[in-house]
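Asker: Provided herewith: run.txt, compact mmCIF, C-alpha atoms and all ligand atoms.
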# COMPACT_ATOMS: atom_id res chain seq x y z
CA MET W 1 97.35 124.82 100.39
CA THR W 2 95.68 128.22 99.88
CA SER W 3 93.59 126.81 97.02
CA ILE W 4 91.61 124.89 99.61
CA GLN W 5 88.68 127.03 100.72
CA PRO W 6 85.43 126.68 102.62
CA CYS W 7 82.33 127.16 100.49
CA PRO W 8 78.58 127.43 101.01
CA PRO W 9 76.67 124.11 101.28
CA LYS W 10 75.78 122.44 97.95
CA ASN W 11 72.92 120.06 97.23
CA ASN W 12 72.90 116.63 95.56
CA ALA W 13 72.19 118.07 92.11
CA GLU W 14 75.05 120.60 92.25
CA LEU W 15 77.46 117.95 93.48
CA ALA W 16 76.33 115.51 90.77
CA ARG W 17 77.20 118.12 88.12
CA GLU W 18 80.60 118.51 89.74
CA TRP W 19 81.17 114.74 89.59
CA ASP W 20 80.07 114.80 85.93
CA ARG W 21 83.04 117.08 85.23
CA LEU W 22 85.46 114.89 87.21
CA ALA W 23 84.31 111.51 85.92
CA GLU W 24 86.81 111.02 83.06
CA GLU W 25 89.77 112.03 85.22
CA ARG W 26 88.68 109.82 88.13
CA HIS W 27 88.29 106.87 85.75
CA ARG W 28 91.73 107.55 84.29
CA GLN W 29 93.35 107.81 87.73
CA ILE W 30 91.98 104.46 88.80
CA THR W 31 92.39 102.47 85.59
CA SER W 32 95.97 103.74 85.04
CA GLY W 33 96.97 102.49 88.51
CA GLU W 34 97.94 106.06 89.51
CA ASP W 35 95.56 106.04 92.44
CA LEU W 36 97.73 104.03 94.81
CA SER W 37 95.32 104.53 97.69
CA PHE W 38 92.41 103.06 95.75
CA ASP W 39 94.39 99.98 94.69
CA HIS W 40 96.36 99.33 97.87
CA VAL W 41 94.41 100.77 100.78
CA VAL W 42 90.77 101.67 100.13
CA ALA W 43 89.57 98.87 97.83
CA PRO W 44 91.35 96.02 99.69
CA THR W 45 90.07 97.28 103.05
CA SER W 46 86.52 97.53 101.71
CA HIS W 47 86.69 93.95 100.39
CA PHE W 48 88.17 92.75 103.69
CA LEU W 49 85.34 94.28 105.70
CA LEU W 50 82.74 92.84 103.33
CA ARG W 51 83.99 89.28 103.94
CA GLU W 52 81.40 88.52 106.61
CA ALA W 53 78.52 90.20 104.83
CA ASP W 54 75.71 88.42 103.01
CA LEU W 55 76.34 89.52 99.43
CA THR W 56 73.10 88.23 97.90
CA THR W 57 71.95 91.77 97.01
CA VAL W 58 74.52 94.49 97.62
CA LEU W 59 74.11 98.23 97.17
CA ASP W 60 77.19 100.08 95.95
CA VAL W 61 76.21 103.54 97.15
CA GLY W 62 78.17 106.24 95.31
CA CYS W 63 79.60 103.76 92.81
CA GLY W 64 81.37 106.53 90.88
CA THR W 65 83.03 105.22 87.73
CA GLY W 66 82.39 101.63 88.76
CA GLU W 67 85.82 100.03 89.14
CA PHE W 68 85.05 98.81 92.66
CA THR W 69 81.55 97.81 91.50
CA ALA W 70 83.03 95.44 88.92
CA GLN W 71 85.25 93.84 91.59
CA LEU W 72 82.24 93.48 93.87
CA ALA W 73 80.11 91.96 91.10
CA ALA W 74 82.61 89.10 90.82
CA LYS W 75 81.67 87.86 94.27
CA ALA W 76 78.09 89.08 94.80
CA GLY W 77 74.69 87.81 93.74
CA THR W 78 73.30 91.11 92.48
CA VAL W 79 74.90 94.54 92.78
CA VAL W 80 72.78 97.67 92.65
CA ALA W 81 75.10 100.52 91.69
CA ILE W 82 73.74 103.91 92.78
CA ASP W 83 75.14 107.31 91.86
CA PRO W 84 73.53 110.65 90.94
CA SER W 85 76.21 111.56 88.37
CA ALA W 86 75.19 110.53 84.84
CA ALA W 87 78.77 110.82 83.55
CA ASN W 88 80.02 108.57 86.34
CA MET W 89 77.31 106.07 85.57
CA LYS W 90 78.19 105.96 81.88
CA LEU W 91 81.73 105.01 82.85
CA ALA W 92 80.45 102.60 85.52
CA ARG W 93 78.49 100.73 82.84
CA PHE W 94 81.73 100.50 80.84
CA SER W 95 83.74 99.32 83.88
CA CYS W 96 81.11 96.63 84.52
CA ARG W 97 80.69 95.58 80.87
CA TYR W 98 81.69 91.97 81.65
CA SER W 99 79.43 91.72 84.75
CA LYS W 100 75.90 90.53 84.07
CA ASN W 101 74.66 91.01 87.65
CA VAL W 102 74.86 94.81 88.04
CA GLN W 103 71.84 97.12 87.97
CA PHE W 104 72.48 100.84 87.60
CA VAL W 105 70.42 103.60 89.20
CA VAL W 106 71.25 107.21 88.36
CA ALA W 107 69.97 108.99 91.46
CA PRO W 108 71.05 109.92 94.96
CA VAL W 109 70.40 107.08 97.40
CA GLU W 110 67.81 109.24 99.20
CA GLU W 111 65.66 109.12 96.06
CA VAL W 112 66.15 105.37 95.67
CA ALA W 113 64.99 104.82 99.25
CA ASN W 114 61.78 106.64 98.46
CA SER W 115 60.91 104.33 95.56
CA LEU W 116 58.52 101.79 96.99
CA ASP W 117 59.29 98.95 94.59
CA ARG W 118 62.84 98.42 95.83
CA ARG W 119 63.32 95.46 98.18
CA PRO W 120 65.74 95.67 101.10
CA ALA W 121 69.33 94.70 100.33
CA THR W 122 71.42 92.17 102.28
CA ALA W 123 74.49 94.46 102.39
CA ALA W 124 75.67 97.89 101.33
CA VAL W 125 79.02 99.53 100.69
CA ALA W 126 80.03 103.17 100.22
CA VAL W 127 83.62 103.49 99.00
CA MET W 128 84.93 107.04 99.54
CA THR W 129 81.41 108.42 99.49
CA LEU W 130 80.43 109.56 103.00
CA MET W 131 82.58 112.71 102.96
CA THR W 132 81.01 113.73 99.64
CA VAL W 133 77.34 113.54 100.65
CA PRO W 134 75.73 116.88 101.43
CA ASP W 135 73.19 115.65 103.99
CA LEU W 136 74.60 112.83 106.10
CA ARG W 137 71.45 112.37 108.15
CA GLN W 138 69.24 111.84 105.08
CA PHE W 139 71.90 109.60 103.56
CA ALA W 140 72.04 107.39 106.69
CA LYS W 141 68.25 107.25 106.80
CA ALA W 142 68.14 106.14 103.16
CA VAL W 143 70.72 103.36 103.62
CA ALA W 144 68.81 102.17 106.70
CA ARG W 145 65.57 101.95 104.71
CA LEU W 146 67.21 99.95 101.93
CA LEU W 147 69.05 97.45 104.14
CA ASN W 148 67.70 94.32 105.84
CA THR W 149 67.92 94.05 109.60
CA GLY W 150 71.21 92.25 110.25
CA GLY W 151 72.64 93.54 106.95
CA ARG W 152 76.16 94.96 106.98
CA PHE W 153 77.10 98.42 105.76
CA VAL W 154 80.79 98.99 104.99
CA ALA W 155 82.15 102.49 104.40
CA THR W 156 85.59 103.85 103.64
CA LEU W 157 86.20 107.59 103.82
CA THR W 158 88.88 110.19 104.28
CA HIS W 159 89.86 110.16 107.95
CA PRO W 160 88.09 113.13 109.55
CA CYS W 161 90.77 113.49 112.23
CA PHE W 162 93.78 113.45 109.89
CA TRP W 163 92.65 114.54 106.42
CA PRO W 164 92.64 118.25 107.42
CA ARG W 165 96.20 117.85 108.71
CA TYR W 166 97.29 115.90 105.64
CA TRP W 167 96.14 118.73 103.35
CA GLY W 168 97.28 121.42 105.80
CA TYR W 169 93.94 123.16 106.26
CA ASP W 170 93.76 122.23 109.94
CA ARG W 171 95.70 125.45 110.60
CA GLU W 172 93.50 127.72 108.51
CA PRO W 173 91.61 130.31 110.57
CA TRP W 174 88.28 129.17 109.06
CA PHE W 175 88.73 125.54 110.11
CA ARG W 176 87.16 124.12 113.23
CA TYR W 177 87.29 120.38 113.77
CA ASP W 178 83.90 120.25 115.44
CA ARG W 179 82.03 122.13 112.69
CA GLU W 180 80.53 120.57 109.57
CA THR W 181 82.17 122.48 106.69
CA PHE W 182 81.87 122.23 102.91
CA ILE W 183 85.34 122.57 101.37
CA GLU W 184 86.44 123.10 97.77
CA ALA W 185 89.86 121.80 96.82
CA PRO W 186 91.85 120.79 93.74
CA PHE W 187 90.97 117.30 92.54
CA VAL W 188 94.17 115.47 93.34
CA ILE W 189 95.58 112.15 94.27
CA SER W 190 99.03 112.06 95.92
CA ASN W 191 101.00 111.84 92.69
CA ARG W 192 99.28 114.31 90.43
CA GLU W 193 97.42 117.62 90.63
CA THR W 194 94.73 118.59 88.10
CA GLU W 195 92.93 121.81 87.15
CA LEU W 196 89.64 120.36 88.34
CA ARG W 197 88.05 121.22 91.67
CA THR W 198 86.03 119.04 93.97
CA THR W 199 83.92 119.51 97.09
CA HIS W 200 84.06 117.43 100.23
CA VAL W 201 82.47 117.94 103.61
CA HIS W 202 84.51 117.94 106.78
CA ARG W 203 82.61 116.43 109.69
CA PRO W 204 83.84 115.46 113.12
CA LEU W 205 84.08 111.72 113.68
CA ALA W 206 81.32 111.85 116.30
CA LEU W 207 78.86 113.18 113.71
CA TYR W 208 79.47 110.16 111.47
CA LEU W 209 78.95 107.79 114.38
CA SER W 210 75.87 109.50 115.79
CA SER W 211 74.19 109.87 112.35
CA PHE W 212 74.31 106.12 111.76
CA ALA W 213 73.56 105.18 115.39
CA ARG W 214 70.39 107.27 115.15
CA GLU W 215 69.20 105.08 112.27
CA GLY W 216 69.78 101.86 114.19
CA PHE W 217 73.27 100.98 112.91
CA LEU W 218 75.52 99.17 115.38
CA LEU W 219 79.24 99.75 115.02
CA GLU W 220 81.00 96.42 114.45
CA VAL W 221 84.49 97.34 113.14
CA MET W 222 86.46 100.55 112.83
CA ALA W 223 89.86 100.44 111.11
CA GLU W 224 92.57 102.93 110.13
CA PRO W 225 94.27 101.16 107.21
CA MET W 226 97.87 101.98 106.31
CA PRO W 227 99.85 100.90 103.23
CA THR W 228 102.66 98.36 103.46
CA GLU W 229 106.16 99.87 103.56
CA ALA W 230 106.76 98.88 99.95
CA VAL W 231 103.60 100.66 98.82
CA GLU W 232 104.27 103.65 101.07
CA SER W 233 107.65 104.19 99.40
CA ARG W 234 105.83 104.88 96.11
CA TYR W 235 104.02 107.92 97.56
CA PRO W 236 105.64 111.38 97.40
CA ARG W 237 105.05 111.84 101.15
CA ARG W 238 105.48 109.51 104.09
CA TRP W 239 102.30 108.32 105.80
CA GLU W 240 102.76 109.78 109.28
CA PHE W 241 99.18 108.95 110.22
CA PRO W 242 96.17 107.19 108.68
CA ARG W 243 94.57 109.02 105.76
CA PHE W 244 91.47 106.85 105.59
CA LEU W 245 88.95 105.41 107.96
CA ALA W 246 87.00 102.20 107.39
CA VAL W 247 83.85 101.27 109.25
CA ARG W 248 81.48 98.31 109.31
CA TRP W 249 78.03 98.69 110.80
CA VAL W 250 75.25 96.12 111.27
CA LYS W 251 71.71 97.27 110.91
CA GLY W 252 69.85 96.52 114.10
CA GLU W 253 66.16 96.74 114.88
CA SER W 254 64.90 100.27 115.30
CA SER W 255 61.63 102.04 114.92
CA ASN W 256 63.02 103.81 111.87
CA ASN W 257 63.96 100.75 109.87
CA ARG W 258 60.97 98.45 110.22
CA LEU W 259 59.60 99.90 107.02
CA VAL W 260 58.43 97.24 104.58
CA LEU W 261 59.31 98.22 101.00
C1 LIG U 301 84.77 110.08 95.76
S1 LIG U 301 83.53 109.42 94.73
C2 LIG U 301 83.79 107.69 95.01
C3 LIG U 301 83.35 106.87 93.85
C4 LIG U 301 83.69 105.37 93.93
N1 LIG U 301 83.01 104.71 95.01
C5 LIG U 301 85.18 105.21 94.02
O1 LIG U 301 85.70 104.77 95.07
O2 LIG U 301 85.86 105.53 93.05
C6 LIG U 301 82.03 109.73 95.65
C7 LIG U 301 80.77 109.35 94.85
O3 LIG U 301 79.65 109.43 95.73
C8 LIG U 301 78.55 109.86 94.95
N2 LIG U 301 77.51 110.41 95.85
C9 LIG U 301 77.52 111.58 96.52
N3 LIG U 301 76.37 111.77 97.19
C10 LIG U 301 75.60 110.67 96.94
C11 LIG U 301 74.28 110.27 97.33
N4 LIG U 301 73.54 111.06 98.11
N5 LIG U 301 73.80 109.09 96.87
C12 LIG U 301 74.56 108.29 96.07
N6 LIG U 301 75.82 108.63 95.66
C13 LIG U 301 76.33 109.79 96.09
C14 LIG U 301 79.16 110.92 94.03
O4 LIG U 301 78.34 111.17 92.90
C15 LIG U 301 80.49 110.28 93.69
O5 LIG U 301 80.42 109.52 92.50
What does the file become when written as structure tokens?
Ligand SMILES: C[S@@+](CC[C@H](N)C(=O)[O-])C[C@H]1O[C@@H](n2cnc3c(N)ncnc32)[C@H](O)[C@@H]1O

Answerer:
Amino acid sequence: MTSIQPCPPKNNAELAREWDRLAEERHRQITSGEDLSFDHVVAPTSHFLLREADLTTVLDVGCGTGEFTAQLAAKAGTVVAIDPSAANMKLARFSCRYSKNVQFVVAPVEEVANSLDRRPATAAVAVMTLMTVPDLRQFAKAVARLLNTGGRFVATLTHPCFWPRYWGYDREPWFRYDRETFIEAPFVISNRETELRTTHVHRPLALYLSSFAREGFLLEVMAEPMPTEAVESRYPRRWEFPRFLAVRWVKGESSNNRLVL
């Protein structure tokens, strides 16, 4: 995988432009059923972990092209779909065209948290978003500000311990597990490669846990979902290890999150 390379850090605006270019392809991958992981691993696990959450007002942070948002809207009171990519959001509005209870905000969640008129949410979800955010600490702070005490935050992400091995960059001389690293790679799902490139950030697992702990989040569930054998047989490669990680936090009391919005 020589086309996978480290790159200098990028900010929210640069990454939003990148997602603008990927939006159509991402939407196609999901709606065509080609993204097996979305349909059979990531989305079902996210729904499963949201079961015990109060879904009166749910933030879908990094809603992308909105396919998960539409599923969420079917069982939530109000969904606030947040994403800084305008092209993603256009497709998200289309994906949610039959849902009357979705509000769309085209901005990074850090900006949303700074808007004083937004009331705290009862739950939040970030499906495949955490490894794409450039500043995890600011991201965690923003989610903490927008979530009620006792509210659940569910996140699914590429597994930081196994994703580098899955894509083979764990053996590259530039890679160090314990170092936060921005990485450019082809935009692929297991079954199909494209010409497009995407950026993700490798972070050690401990950095994810400490960033949210610092903002008063208590770890409630951590899962390493795997596909069923029948689903696994449809992938080009066997799943030797988990490719994704799923986490549920509860927002506890902390000096940082007593802010009244
Ligand atoms: C891999 S996509 C996942 C999209 C969607 N949740 C899905 O599963 O298809 C990651 C998304 O996170 C969004 N994102 C990245 N940083 C963000 C931030 N700071 N605030 C809100 N969304 C962000 C990106 O724009 C992108 O749409």

Asker: Using all atoms listed in the file, which residues have at least one atom no more than 7 Å from ligand LIG 301 (chain U)? Output them as a VMD selection string.

Answerer: chain W and resid 12 15 to 16 19 38 61 to 68 82 to 85 88 107 to 110 126 to 129 132 to 134 139

Asker: Given the choices W:Asn11, W:Asn114, W:Thr156, W:Asn148, which gets closest to Phe244 in chain W if the distance is worked out from only C-alpha atoms?

Answerer: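 Using only C-alpha atoms, the shortest distance to Phe244 in chain W belongs to W:Thr156.
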
Asker: Restricting the calculation to all atoms listed in the file: of W:Pro9, W:Gly151, W:Pro186, W:Pro236, which residue gets closest to Ala123 in chain W?

Answerer: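 Of W:Pro9, W:Gly151, W:Pro186, W:Pro236, the one nearest Ala123 in chain W is W:Gly151, counting all atoms listed in the file.
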
Asker: For a quick check of your reading of the model, name the residues lying within 10 Å of the coordinate (89.0, 128.2, 101.1), counting only C-alpha atoms, and write them as a ChimeraX atom specification.

Answerer: /W:1-7,169,172,174-175,182-185

Asker: Enter the distance from CA of Trp249 in chain W to CA of Val201 in chain W, in Å, rounded to one decimal.

Answerer: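 CA of Val201 in chain W lies at a distance of 21.0 Å from CA of Trp249 in chain W.
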
Asker: Provide the CA of Arg248 in chain W to CA of Cys161 in chain W distance in Å, to one decimal place.

Answerer: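 Rounded to one decimal, the two atoms are 18.0 Å apart.
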